[in-house]
file final-v6.txt (compact mmCIF, C-alpha atoms and all ligand atoms)
# COMPACT_ATOMS: atom_id res chain seq x y z
CA MET A 1433 -14.69 -29.50 -12.81
CA ALA A 1434 -16.34 -26.26 -13.90
CA VAL A 1435 -14.33 -23.12 -13.19
CA PRO A 1436 -15.71 -20.89 -10.43
CA TYR A 1437 -16.17 -17.85 -12.67
CA GLN A 1438 -17.90 -16.78 -15.89
CA VAL A 1439 -16.43 -15.79 -19.22
CA ASN A 1440 -17.89 -14.12 -22.31
CA GLN A 1441 -17.50 -15.38 -25.87
CA ALA A 1442 -14.13 -13.68 -26.15
CA GLY A 1443 -13.00 -15.66 -23.12
CA GLU A 1444 -12.81 -12.64 -20.81
CA LEU A 1445 -13.83 -12.74 -17.15
CA THR A 1446 -17.32 -11.36 -16.61
CA ILE A 1447 -19.08 -10.48 -13.37
CA GLY A 1448 -22.85 -10.21 -13.51
CA GLY A 1449 -22.59 -10.00 -17.28
CA VAL A 1450 -20.00 -7.18 -17.41
CA THR A 1451 -16.32 -7.72 -18.19
CA ALA A 1452 -13.99 -7.28 -15.25
CA THR A 1453 -11.60 -5.23 -17.38
CA SER A 1454 -14.29 -2.69 -18.26
CA LEU A 1455 -15.27 -2.40 -14.60
CA ALA A 1456 -11.62 -1.82 -13.70
CA GLN A 1457 -11.40 0.84 -16.36
CA LYS A 1458 -14.61 2.59 -15.38
CA TYR A 1459 -14.13 2.57 -11.60
CA GLN A 1460 -10.34 2.19 -11.32
CA THR A 1461 -8.58 -0.35 -9.11
CA PRO A 1462 -8.35 -1.72 -6.52
CA LEU A 1463 -12.05 -2.42 -6.70
CA TYR A 1464 -14.54 -4.63 -4.91
CA VAL A 1465 -17.13 -6.09 -7.29
CA TYR A 1466 -20.19 -8.16 -6.33
CA ASP A 1467 -22.31 -10.36 -8.54
CA VAL A 1468 -25.70 -9.56 -6.98
CA ASN A 1469 -27.43 -12.53 -8.57
CA SER A 1470 -25.05 -14.84 -6.80
CA ILE A 1471 -25.94 -13.18 -3.47
CA ARG A 1472 -29.67 -13.50 -4.19
CA ASN A 1473 -29.35 -17.13 -5.28
CA GLN A 1474 -27.56 -18.12 -2.13
CA MET A 1475 -30.14 -16.36 0.06
CA ARG A 1476 -32.94 -18.09 -1.84
CA ALA A 1477 -31.22 -21.47 -1.61
CA PHE A 1478 -31.10 -21.23 2.19
CA LYS A 1479 -34.74 -20.17 2.39
CA THR A 1480 -35.93 -22.85 -0.02
CA VAL A 1481 -34.73 -25.68 2.22
CA PHE A 1482 -36.89 -24.46 5.07
CA ILE A 1483 -39.86 -23.66 2.85
CA ASN A 1484 -39.79 -27.08 1.16
CA ARG A 1485 -39.77 -28.78 4.52
CA HIS A 1486 -42.46 -26.52 6.04
CA ILE A 1487 -40.20 -25.44 8.87
CA ASP A 1488 -40.59 -22.01 10.50
CA TYR A 1489 -37.31 -20.25 10.03
CA ALA A 1490 -35.23 -17.12 9.84
CA VAL A 1491 -32.20 -16.86 7.61
CA SER A 1492 -30.35 -14.03 9.29
CA TYR A 1493 -27.47 -12.67 7.25
CA ALA A 1494 -24.43 -12.22 9.54
CA SER A 1495 -23.71 -8.81 8.17
CA LYS A 1496 -20.24 -8.46 9.64
CA ALA A 1497 -19.17 -10.36 6.51
CA PHE A 1498 -20.09 -7.34 4.37
CA ALA A 1499 -22.08 -4.49 5.82
CA THR A 1500 -23.16 -1.67 3.52
CA VAL A 1501 -26.46 0.07 2.85
CA ALA A 1502 -26.80 -1.53 -0.60
CA MET A 1503 -26.13 -5.00 0.80
CA TYR A 1504 -28.76 -4.53 3.50
CA GLU A 1505 -31.18 -3.37 0.81
CA VAL A 1506 -30.63 -6.60 -1.14
CA ALA A 1507 -31.22 -8.59 2.06
CA ALA A 1508 -34.47 -6.69 2.67
CA GLN A 1509 -35.61 -7.30 -0.93
CA GLU A 1510 -35.00 -11.02 -0.43
CA ASP A 1511 -36.85 -10.98 2.91
CA ILE A 1512 -33.73 -12.09 4.72
CA HIS A 1513 -33.14 -11.13 8.34
CA LEU A 1514 -30.03 -9.35 9.51
CA ASP A 1515 -27.63 -9.99 12.34
CA VAL A 1516 -25.66 -6.96 13.51
CA VAL A 1517 -22.82 -6.66 15.99
CA SER A 1518 -22.28 -2.93 16.51
CA GLY A 1519 -23.87 0.49 16.61
CA GLY A 1520 -22.36 1.08 13.18
CA GLU A 1521 -24.17 -1.91 11.71
CA ILE A 1522 -27.41 -0.76 13.39
CA GLN A 1523 -26.96 2.68 11.81
CA THR A 1524 -26.33 1.02 8.44
CA ALA A 1525 -29.60 -0.93 8.82
CA LEU A 1526 -31.45 2.29 9.68
CA ALA A 1527 -29.91 4.05 6.69
CA ALA A 1528 -31.07 1.17 4.48
CA ASN A 1529 -34.60 1.40 5.93
CA PHE A 1530 -34.24 -2.21 6.95
CA PRO A 1531 -37.26 -3.61 8.87
CA MET A 1532 -35.74 -3.43 12.34
CA ALA A 1533 -38.03 -6.13 13.73
CA ASN A 1534 -36.04 -8.55 11.53
CA VAL A 1535 -32.70 -7.59 13.04
CA SER A 1536 -30.82 -9.45 15.78
CA PHE A 1537 -27.91 -8.06 17.75
CA ASN A 1538 -24.97 -10.31 18.68
CA GLY A 1539 -21.75 -9.46 20.50
CA ASN A 1540 -19.90 -10.04 23.77
CA ASN A 1541 -19.57 -6.44 24.90
CA LYS A 1542 -22.41 -4.35 23.59
CA SER A 1543 -22.29 -0.90 25.15
CA ALA A 1544 -25.17 0.85 26.92
CA GLU A 1545 -25.24 3.26 23.99
CA GLU A 1546 -25.52 0.44 21.45
CA LEU A 1547 -28.17 -1.43 23.46
CA GLY A 1548 -30.09 1.83 23.87
CA MET A 1549 -29.88 2.43 20.11
CA ALA A 1550 -31.20 -1.11 19.56
CA ILE A 1551 -34.21 -0.85 21.83
CA ASP A 1552 -35.07 2.72 20.80
CA ASN A 1553 -35.17 1.64 17.16
CA GLY A 1554 -37.30 -1.46 17.65
CA LEU A 1555 -34.54 -3.97 16.91
CA GLY A 1556 -36.22 -7.39 16.98
CA THR A 1557 -33.98 -9.59 19.08
CA ILE A 1558 -30.99 -9.04 21.31
CA ILE A 1559 -28.78 -12.09 21.67
CA LEU A 1560 -27.60 -11.90 25.27
CA ASP A 1561 -24.02 -12.94 25.80
CA ASN A 1562 -23.19 -12.46 29.50
CA PHE A 1563 -24.56 -11.46 32.92
CA TYR A 1564 -23.24 -7.91 32.68
CA GLU A 1565 -25.35 -7.47 29.57
CA ILE A 1566 -28.49 -8.97 31.12
CA ASN A 1567 -28.30 -6.41 33.91
CA LEU A 1568 -27.43 -3.54 31.58
CA LEU A 1569 -30.32 -4.34 29.26
CA HIS A 1570 -32.68 -4.79 32.22
CA ASP A 1571 -31.85 -1.28 33.47
CA LEU A 1572 -32.24 0.30 30.02
CA LEU A 1573 -35.61 -1.40 29.51
CA ALA A 1574 -36.80 -0.54 33.03
CA GLU A 1575 -36.00 3.16 32.40
CA ARG A 1576 -38.20 3.02 29.33
CA ASN A 1577 -40.73 0.56 30.71
CA GLN A 1578 -40.26 -1.48 27.56
CA LYS A 1579 -40.07 -5.23 26.84
CA GLN A 1580 -37.50 -6.87 24.57
CA ASN A 1581 -37.25 -10.24 22.83
CA VAL A 1582 -33.98 -11.97 23.57
CA LEU A 1583 -32.09 -15.17 22.87
CA LEU A 1584 -29.37 -16.53 25.11
CA ARG A 1585 -26.08 -17.27 23.44
CA ILE A 1586 -24.79 -20.57 24.74
CA THR A 1587 -21.24 -21.88 24.35
CA PRO A 1588 -22.12 -25.49 23.56
CA GLY A 1589 -18.57 -26.80 23.93
CA VAL A 1590 -18.42 -27.89 20.31
CA GLU A 1591 -15.23 -27.06 18.52
CA ALA A 1592 -15.54 -26.92 14.76
CA HIS A 1593 -12.57 -27.90 12.64
CA THR A 1594 -11.30 -24.64 11.40
CA HIS A 1595 -8.50 -22.16 11.92
CA ASP A 1596 -8.11 -21.39 15.64
CA TYR A 1597 -8.61 -17.67 15.28
CA ILE A 1598 -12.08 -18.15 13.91
CA SER A 1599 -13.38 -20.77 16.32
CA THR A 1600 -15.97 -19.29 18.63
CA GLY A 1601 -17.85 -22.32 19.99
CA GLN A 1602 -15.39 -24.09 22.27
CA THR A 1603 -15.58 -23.74 26.05
CA ASP A 1604 -12.54 -21.44 26.25
CA SER A 1605 -14.25 -18.61 24.41
CA LYS A 1606 -15.10 -15.01 25.20
CA PHE A 1607 -18.57 -15.57 23.71
CA GLY A 1608 -21.74 -16.82 25.34
CA PHE A 1609 -22.83 -18.48 28.56
CA ASP A 1610 -20.79 -21.49 29.57
CA VAL A 1611 -22.72 -24.72 30.03
CA ASN A 1612 -20.47 -26.86 32.19
CA SER A 1613 -20.17 -24.36 35.02
CA GLY A 1614 -23.94 -23.88 35.19
CA GLN A 1615 -23.80 -20.27 33.94
CA ALA A 1616 -26.10 -20.95 31.02
CA GLN A 1617 -28.84 -22.42 33.21
CA GLN A 1618 -28.47 -19.58 35.69
CA ALA A 1619 -28.77 -17.05 32.85
CA LEU A 1620 -31.98 -18.72 31.71
CA ALA A 1621 -33.48 -18.60 35.21
CA GLN A 1622 -32.54 -14.92 35.59
CA THR A 1623 -33.88 -13.86 32.19
CA LEU A 1624 -37.12 -15.86 32.50
CA ALA A 1625 -37.76 -14.13 35.81
CA ASP A 1626 -37.09 -10.67 34.34
CA PRO A 1627 -40.33 -8.80 33.56
CA TYR A 1628 -38.65 -6.79 30.80
CA LEU A 1629 -37.19 -9.73 28.90
CA ASN A 1630 -39.08 -12.14 26.68
CA VAL A 1631 -36.81 -15.16 26.22
CA LEU A 1632 -37.46 -16.64 22.79
CA GLY A 1633 -34.80 -19.31 22.96
CA VAL A 1634 -31.15 -20.16 22.62
CA SER A 1635 -28.39 -19.40 20.17
CA ALA A 1636 -24.95 -20.79 19.37
CA HIS A 1637 -22.24 -20.24 16.80
CA ILE A 1638 -19.58 -22.92 16.55
CA GLY A 1639 -17.05 -21.44 14.15
CA SER A 1640 -16.38 -20.42 10.59
CA GLN A 1641 -15.46 -21.93 7.25
CA ILE A 1642 -16.74 -25.35 8.38
CA PHE A 1643 -16.88 -28.17 5.83
CA ASP A 1644 -18.57 -30.86 7.80
CA VAL A 1645 -22.13 -31.22 9.13
CA THR A 1646 -21.02 -33.04 12.29
CA GLY A 1647 -20.29 -29.88 14.29
CA PHE A 1648 -23.73 -28.47 13.52
CA GLN A 1649 -25.41 -31.77 14.42
CA MET A 1650 -23.51 -31.87 17.71
CA ALA A 1651 -24.35 -28.26 18.53
CA ALA A 1652 -28.03 -28.67 17.64
CA THR A 1653 -28.21 -31.86 19.71
CA LYS A 1654 -26.56 -30.13 22.63
CA LEU A 1655 -28.94 -27.17 22.49
CA VAL A 1656 -32.05 -29.36 22.45
CA ASP A 1657 -30.66 -31.60 25.21
CA LEU A 1658 -29.94 -28.56 27.35
CA VAL A 1659 -33.31 -26.85 27.01
CA HIS A 1660 -35.02 -30.18 27.69
CA GLU A 1661 -32.88 -30.72 30.77
CA TRP A 1662 -33.76 -27.21 31.93
CA GLY A 1663 -37.48 -27.78 31.31
CA PHE A 1664 -37.61 -24.86 28.87
CA GLU A 1665 -39.51 -25.01 25.57
CA PRO A 1666 -37.81 -22.53 23.25
CA GLN A 1667 -39.68 -20.82 20.45
CA VAL A 1668 -36.38 -20.32 18.64
CA ILE A 1669 -33.20 -22.33 18.25
CA ASN A 1670 -30.44 -20.45 16.45
CA THR A 1671 -27.52 -22.57 15.28
CA GLY A 1672 -25.44 -19.67 13.95
CA GLY A 1673 -23.40 -19.49 10.79
CA GLY A 1674 -20.06 -20.87 9.66
CA PHE A 1675 -20.93 -22.72 6.45
CA GLY A 1676 -17.72 -23.20 4.45
CA ILE A 1677 -17.15 -21.92 0.93
CA ARG A 1678 -14.71 -22.61 -1.89
CA TYR A 1679 -11.75 -20.26 -1.89
CA THR A 1680 -9.39 -22.53 -3.84
CA LYS A 1681 -9.61 -25.89 -5.54
CA GLU A 1682 -8.49 -27.51 -2.29
CA ASP A 1683 -11.80 -26.50 -0.70
CA GLN A 1684 -14.69 -28.84 -1.38
CA PRO A 1685 -17.61 -27.48 0.61
CA LEU A 1686 -20.96 -29.19 0.76
CA PRO A 1687 -23.71 -27.14 -0.82
CA ALA A 1688 -24.71 -24.75 1.97
CA THR A 1689 -28.18 -26.21 1.88
CA GLU A 1690 -26.92 -29.59 3.09
CA PHE A 1691 -25.82 -28.02 6.34
CA VAL A 1692 -29.33 -26.70 6.77
CA GLU A 1693 -30.88 -30.10 6.04
CA ALA A 1694 -28.67 -31.64 8.73
CA ILE A 1695 -29.61 -28.96 11.26
CA ILE A 1696 -33.34 -29.39 10.52
CA ASP A 1697 -33.05 -33.19 10.76
CA THR A 1698 -31.28 -33.05 14.10
CA ILE A 1699 -33.64 -30.53 15.69
CA THR A 1700 -36.72 -32.35 14.37
CA GLU A 1701 -35.55 -35.73 15.63
CA LYS A 1702 -34.48 -34.47 19.02
CA THR A 1703 -37.56 -32.36 19.74
CA THR A 1704 -39.87 -35.14 18.54
CA ALA A 1705 -38.11 -37.63 20.79
CA TYR A 1706 -38.59 -35.30 23.77
CA GLY A 1707 -42.21 -34.51 22.84
CA MET A 1708 -41.35 -30.82 22.48
CA THR A 1709 -42.96 -28.33 20.11
CA MET A 1710 -40.86 -27.84 17.00
CA PRO A 1711 -39.13 -24.46 17.39
CA THR A 1712 -38.45 -21.88 14.70
CA ILE A 1713 -34.93 -22.50 13.39
CA TRP A 1714 -32.61 -19.57 12.82
CA ILE A 1715 -29.33 -19.68 10.96
CA GLU A 1716 -26.81 -16.85 10.58
CA PRO A 1717 -24.74 -17.37 7.43
CA GLY A 1718 -22.35 -14.58 6.50
CA ARG A 1719 -19.53 -15.92 4.36
CA ALA A 1720 -21.71 -18.38 2.43
CA ILE A 1721 -23.99 -15.56 1.28
CA VAL A 1722 -21.45 -13.00 0.11
CA GLY A 1723 -18.09 -14.77 -0.16
CA PRO A 1724 -18.42 -16.48 -3.56
CA ALA A 1725 -20.15 -13.39 -5.03
CA GLY A 1726 -17.16 -11.08 -4.51
CA TYR A 1727 -14.19 -10.30 -6.74
CA ASN A 1728 -11.29 -8.00 -5.93
CA LEU A 1729 -9.84 -6.35 -9.02
CA TYR A 1730 -6.28 -5.05 -9.02
CA THR A 1731 -3.85 -3.63 -11.54
CA ILE A 1732 -0.53 -5.40 -11.82
CA GLY A 1733 2.51 -3.18 -11.27
CA SER A 1734 6.04 -4.13 -10.27
CA ARG A 1735 7.63 -7.54 -10.23
CA LYS A 1736 10.59 -9.06 -8.46
CA ASP A 1737 12.17 -12.36 -9.46
CA VAL A 1738 14.29 -13.88 -6.72
CA PRO A 1739 16.38 -16.45 -8.64
CA GLY A 1740 15.80 -19.98 -7.48
CA ILE A 1741 13.26 -18.88 -4.88
CA ARG A 1742 10.15 -17.21 -6.26
CA SER A 1743 8.66 -14.32 -8.19
CA TYR A 1744 6.67 -11.57 -6.52
CA LEU A 1745 4.02 -9.90 -8.60
CA SER A 1746 2.81 -6.73 -6.93
CA VAL A 1747 -0.61 -5.15 -7.35
CA ASP A 1748 -2.09 -1.79 -6.38
CA GLY A 1749 -3.99 -3.10 -3.32
CA GLY A 1750 -3.18 -5.57 -0.57
CA MET A 1751 -3.70 -6.12 3.14
CA GLY A 1752 -5.69 -2.87 3.46
CA ASP A 1753 -8.46 -4.27 1.28
CA ASN A 1754 -8.01 -7.96 2.07
CA ILE A 1755 -6.29 -8.72 5.37
CA ARG A 1756 -7.32 -12.39 5.42
CA PRO A 1757 -4.16 -13.90 3.90
CA ALA A 1758 -1.95 -11.90 6.28
CA LEU A 1759 -4.16 -12.50 9.32
CA TYR A 1760 -5.32 -16.11 8.85
CA GLU A 1761 -2.96 -17.39 6.16
CA ALA A 1762 -6.11 -17.57 4.07
CA LYS A 1763 -5.73 -18.90 0.54
CA TYR A 1764 -7.28 -17.45 -2.59
CA GLU A 1765 -7.16 -17.98 -6.33
CA ALA A 1766 -6.55 -15.24 -8.85
CA VAL A 1767 -7.07 -15.06 -12.61
CA LEU A 1768 -6.03 -12.68 -15.31
CA ALA A 1769 -9.19 -10.73 -16.10
CA ASN A 1770 -8.77 -10.56 -19.88
CA ASN A 1771 -8.01 -14.26 -20.21
CA PRO A 1772 -8.75 -16.29 -17.08
CA SER A 1773 -8.49 -19.65 -18.83
CA ALA A 1774 -5.13 -19.06 -20.55
CA PRO A 1775 -2.59 -21.81 -19.86
CA SER A 1776 -0.25 -20.96 -17.01
CA GLU A 1777 3.37 -20.14 -17.76
CA GLN A 1778 4.61 -19.01 -14.37
CA VAL A 1779 3.97 -19.40 -10.67
CA VAL A 1780 4.04 -16.21 -8.63
CA ARG A 1781 3.25 -14.87 -5.20
CA VAL A 1782 0.79 -12.02 -5.54
CA ALA A 1783 1.88 -9.30 -3.12
CA GLY A 1784 0.26 -6.02 -2.16
CA LYS A 1785 1.73 -2.53 -1.99
CA TYR A 1786 1.80 -2.24 1.80
CA CYS A 1787 5.03 -1.90 3.78
CA GLU A 1788 4.98 -5.30 5.33
CA SER A 1789 6.47 -8.62 4.19
CA GLY A 1790 3.28 -10.44 5.18
CA ASP A 1791 1.25 -8.30 2.78
CA VAL A 1792 0.31 -11.13 0.45
CA LEU A 1793 -2.93 -11.64 -1.47
CA VAL A 1794 -2.26 -15.03 -3.04
CA TRP A 1795 0.53 -17.23 -1.69
CA GLU A 1796 1.11 -19.21 -4.85
CA GLN A 1797 -0.63 -18.63 -8.14
CA ALA A 1798 -0.10 -20.09 -11.58
CA LEU A 1799 -0.71 -17.46 -14.25
CA PRO A 1800 -0.05 -16.85 -17.92
CA GLN A 1801 2.58 -14.22 -18.69
CA THR A 1802 1.53 -10.87 -17.26
CA LYS A 1803 2.61 -7.31 -17.82
CA PRO A 1804 2.20 -4.09 -15.85
CA GLY A 1805 -1.28 -2.70 -16.37
CA ASP A 1806 -3.00 -6.08 -16.63
CA VAL A 1807 -6.04 -6.54 -14.40
CA LEU A 1808 -5.89 -9.36 -11.89
CA ALA A 1809 -9.08 -10.67 -10.27
CA VAL A 1810 -8.91 -12.43 -6.92
CA LEU A 1811 -11.93 -14.74 -6.57
CA ALA A 1812 -14.36 -15.37 -3.70
CA THR A 1813 -13.35 -12.24 -1.80
CA GLY A 1814 -16.86 -11.12 -0.89
CA ALA A 1815 -16.78 -12.00 2.82
CA TYR A 1816 -14.65 -10.17 5.39
CA GLY A 1817 -12.75 -8.19 2.77
CA TYR A 1818 -14.37 -4.79 2.57
CA SER A 1819 -15.73 -5.21 6.11
CA MET A 1820 -12.19 -5.68 7.50
CA ALA A 1821 -10.56 -3.05 5.29
CA SER A 1822 -8.27 -0.44 6.80
CA ASN A 1823 -6.40 2.71 5.90
CA TYR A 1824 -3.03 1.15 6.73
CA ASN A 1825 -0.19 3.13 5.19
CA ARG A 1826 -2.82 5.81 4.59
CA ASN A 1827 -4.21 4.10 1.56
CA PRO A 1828 -7.82 5.04 0.80
CA ARG A 1829 -10.31 2.16 0.81
CA PRO A 1830 -11.52 1.01 -2.61
CA ALA A 1831 -14.97 1.54 -4.09
CA VAL A 1832 -17.62 -1.20 -4.17
CA VAL A 1833 -19.61 -1.94 -7.31
CA PHE A 1834 -22.69 -4.16 -7.61
CA VAL A 1835 -23.36 -5.83 -10.96
CA GLU A 1836 -26.58 -7.55 -11.93
CA ASP A 1837 -27.95 -8.60 -15.31
CA GLY A 1838 -25.32 -6.66 -17.24
CA LYS A 1839 -25.74 -3.43 -15.23
CA ASP A 1840 -23.11 -2.07 -12.88
CA GLN A 1841 -23.75 0.39 -10.09
CA LEU A 1842 -21.43 2.11 -7.64
CA VAL A 1843 -22.64 1.32 -4.11
CA VAL A 1844 -19.71 2.58 -2.05
CA GLU A 1845 -17.56 5.39 -3.35
CA ARG A 1846 -13.79 5.16 -3.40
CA GLU A 1847 -12.37 6.94 -0.39
CA THR A 1848 -10.44 10.09 -1.22
CA TYR A 1849 -7.38 11.53 0.49
CA THR A 1850 -9.68 14.27 1.78
CA ASP A 1851 -11.99 11.65 3.31
CA MET A 1852 -9.02 10.11 5.07
CA LEU A 1853 -7.80 13.44 6.42
CA ARG A 1854 -11.26 14.59 7.48
CA LEU A 1855 -10.88 13.60 11.12
CA ASP A 1856 -7.27 14.79 11.55
CA LYS A 1857 -6.67 17.92 13.63
CA HIS A 1858 -3.55 20.08 13.86
CA TYR A 1859 -1.59 19.90 17.10
CA GLN A 1860 -0.66 23.40 18.23
N1 LIG B 1 -23.03 -15.72 13.77
C1 LIG B 1 -22.14 -15.35 14.71
C2 LIG B 1 -22.58 -15.20 16.09
C3 LIG B 1 -20.81 -15.11 14.35
O1 LIG B 1 -19.94 -14.76 15.28
C4 LIG B 1 -20.42 -15.26 13.00
C5 LIG B 1 -19.06 -14.99 12.59
C6 LIG B 1 -21.39 -15.62 12.06
C7 LIG B 1 -22.69 -15.86 12.48
C8 LIG B 1 -21.09 -15.78 10.58
O2 LIG B 1 -20.13 -16.73 10.31
P1 LIG B 1 -19.86 -17.12 8.75
O3 LIG B 1 -21.09 -17.77 8.24
O4 LIG B 1 -19.56 -15.87 8.04
O5 LIG B 1 -18.68 -18.03 8.82
N2 LIG B 1 -13.10 -12.51 10.05
C9 LIG B 1 -13.12 -13.96 9.95
C10 LIG B 1 -14.45 -14.53 10.27
C11 LIG B 1 -14.91 -14.20 11.66
C12 LIG B 1 -16.27 -14.75 11.90
C13 LIG B 1 -16.81 -14.26 13.18
N3 LIG B 1 -18.15 -14.65 13.43
C14 LIG B 1 -12.69 -14.34 8.53
O6 LIG B 1 -12.35 -13.46 7.75
O7 LIG B 1 -12.66 -15.52 8.20

call {"tool": "encode", "arguments": {"input": "final-v6.txt", "output": "structure tokens"}}
result
Amino acid sequence: MAVPYQVNQAGELTIGGVTATSLAQKYQTPLYVYDVNSIRNQMRAFKTVFINRHIDYAVSYASKAFATVAMYEVAAQEDIHLDVVSGGEIQTALAANFPMANVSFNGNNKSAEELGMAIDNGLGTIILDNFYEINLLHDLLAERNQKQNVLLRITPGVEAHTHDYISTGQTDSKFGFDVNSGQAQQALAQTLADPYLNVLGVSAHIGSQIFDVTGFQMAATKLVDLVHEWGFEPQVINTGGGFGIRYTKEDQPLPATEFVEAIIDTITEKTTAYGMTMPTIWIEPGRAIVGPAGYNLYTIGSRKDVPGIRSYLSVDGGMGDNIRPALYEAKYEAVLANNPSAPSEQVVRVAGKYCESGDVLVWEQALPQTKPGDVLAVLATGAYGYSMASNYNRNPRPAVVFVEDGKDQLVVERETYTDMLRLDKHYQ
């Protein structure tokens, strides 16, 4: 099978046509690097499925996966919609001059301030999650005498096969209106009767890092069955995100587009059978758009060999820039940047520099011999890495670099110690 990275003629790892070692040298490590072409290609691949099948659609990038001004600018260039989940993401969209009509707002506890920010800035669609929010939004809209497009987030009772922490579609969930208890139907009645709300349709998100189309088929079926049962013809059905990607060779995801084909098939068949108008289909991929495009570059430092047990190879980053292994036991692959295809001569655990035993970046990695100063690249780190980064142990967050067609550009500066101390006040 082809390796999931590119090399130049000298056999060195390249990202967007630039060697990883030169990027590490120019911008220092740890460093987040994105291959922008990969991001664009994935966005286009999702859109193409809908276009080829003449289906009205919105591909809404779930920007929690990686939310920066430059990323939102790429999404806008590709005519991709944006899903946000906080005031901070709304502000990022505004800073990127993103067309706010193409933004949706998800979340189970949006504040009055955040909802106000959304409606005052013309944010296209608010995805309502609970009764508290319906009433809050109603009051804010009434004060302004303004109308707002909304979707209702439904918990369809479909549990996708994934790590428990990242399942959000089962009945025991903090997200969305529950179906079995009648809350979802009640929410529809209330919102349809509300003069300030224009209910476009329904929304669901069944989980993350899903490898199988079945969950999406079940969720889509459930959504169409429900709206039919309620006598409601939605203009929009949003089946969420969650399309799985390859982190290691154990992961064999379907091409993301196959998930979309399955969703389209299900919604077409079901709505045709019920004699309903075909709705616009929305999807909200996050990980599938940015995950494979991202590389975390580190410099190798210390090493500890525990005889008969294992070797720890430590790098200059860790759980502050990628918490996923520590938090979800997530697995990654790493390669030596100057020679990713060299035969392996050792198996190591790649550890970070943080004061915690669980601070691991790669649980088990075969590598050629390495020495301090070598650059290590962890692959497929583009989703939920930078966006979940922290200043744990008072380490500054790394810079982010975009590379495209042989050109690299700094899109987020490396945090400085001064940046980190900026909010601290003396206690007198
Ligand atoms: N739509 C909604 C409503 C969501 O809650 C999510 C993710 C997505 C779309 C995008 O899912 P994706 O396509 O990226 O799988 N921090 C975890 C992932 C949490 C996902 C939460 N919701 C991780 O690092 O794996």

call {"tool": "axis_aligned_box", "arguments": {"input": "final-v6.txt", "around": "ligand LIG 1 (chain B)", "padding_each_side": "8 Å", "output": "AutoDock Vina command-line options"}}
result
--center_x -17.7 --center_y -15.3 --center_z 11.9 --size_x 26.7 --size_y 21.5 --size_z 24.3

call {"tool": "closest_residue", "arguments": {"input": "final-v6.txt", "among": "A:Ala1550, A:Ile1755, A:Val1501, A:Val1590", "to": "Thr1653 of chain A", "atoms": "all atoms listed in the file"}}
result
A:Val1590

call {"tool": "residues_near_ligand", "arguments": {"input": "final-v6.txt", "ligand": "ligand LIG 1 (chain B)", "cutoff": "6 Å", "atoms": "only C-alpha atoms and all ligand atoms", "output": "PyMOL selection string"}}
result
chain A and resi 1494+1497+1598+1637+1640-1641+1672-1675+1716-1720+1756+1816

call {"tool": "atom_distance", "arguments": {"input": "final-v6.txt", "atom1": "atom CA of Ser1743 of chain A", "atom2": "atom CA of Tyr1760 of chain A"}}
result
22.1 Å

call {"tool": "atom_distance", "arguments": {"input": "final-v6.txt", "atom1": "atom CA of Val1779 of chain A", "atom2": "atom CA of Glu1765 of chain A"}}
result
12.0 Å

call {"tool": "atom_distance", "arguments": {"input": "final-v6.txt", "atom1": "atom CA of Ala1619 of chain A", "atom2": "atom CA of Ile1713 of chain A"}}
result
21.1 Å
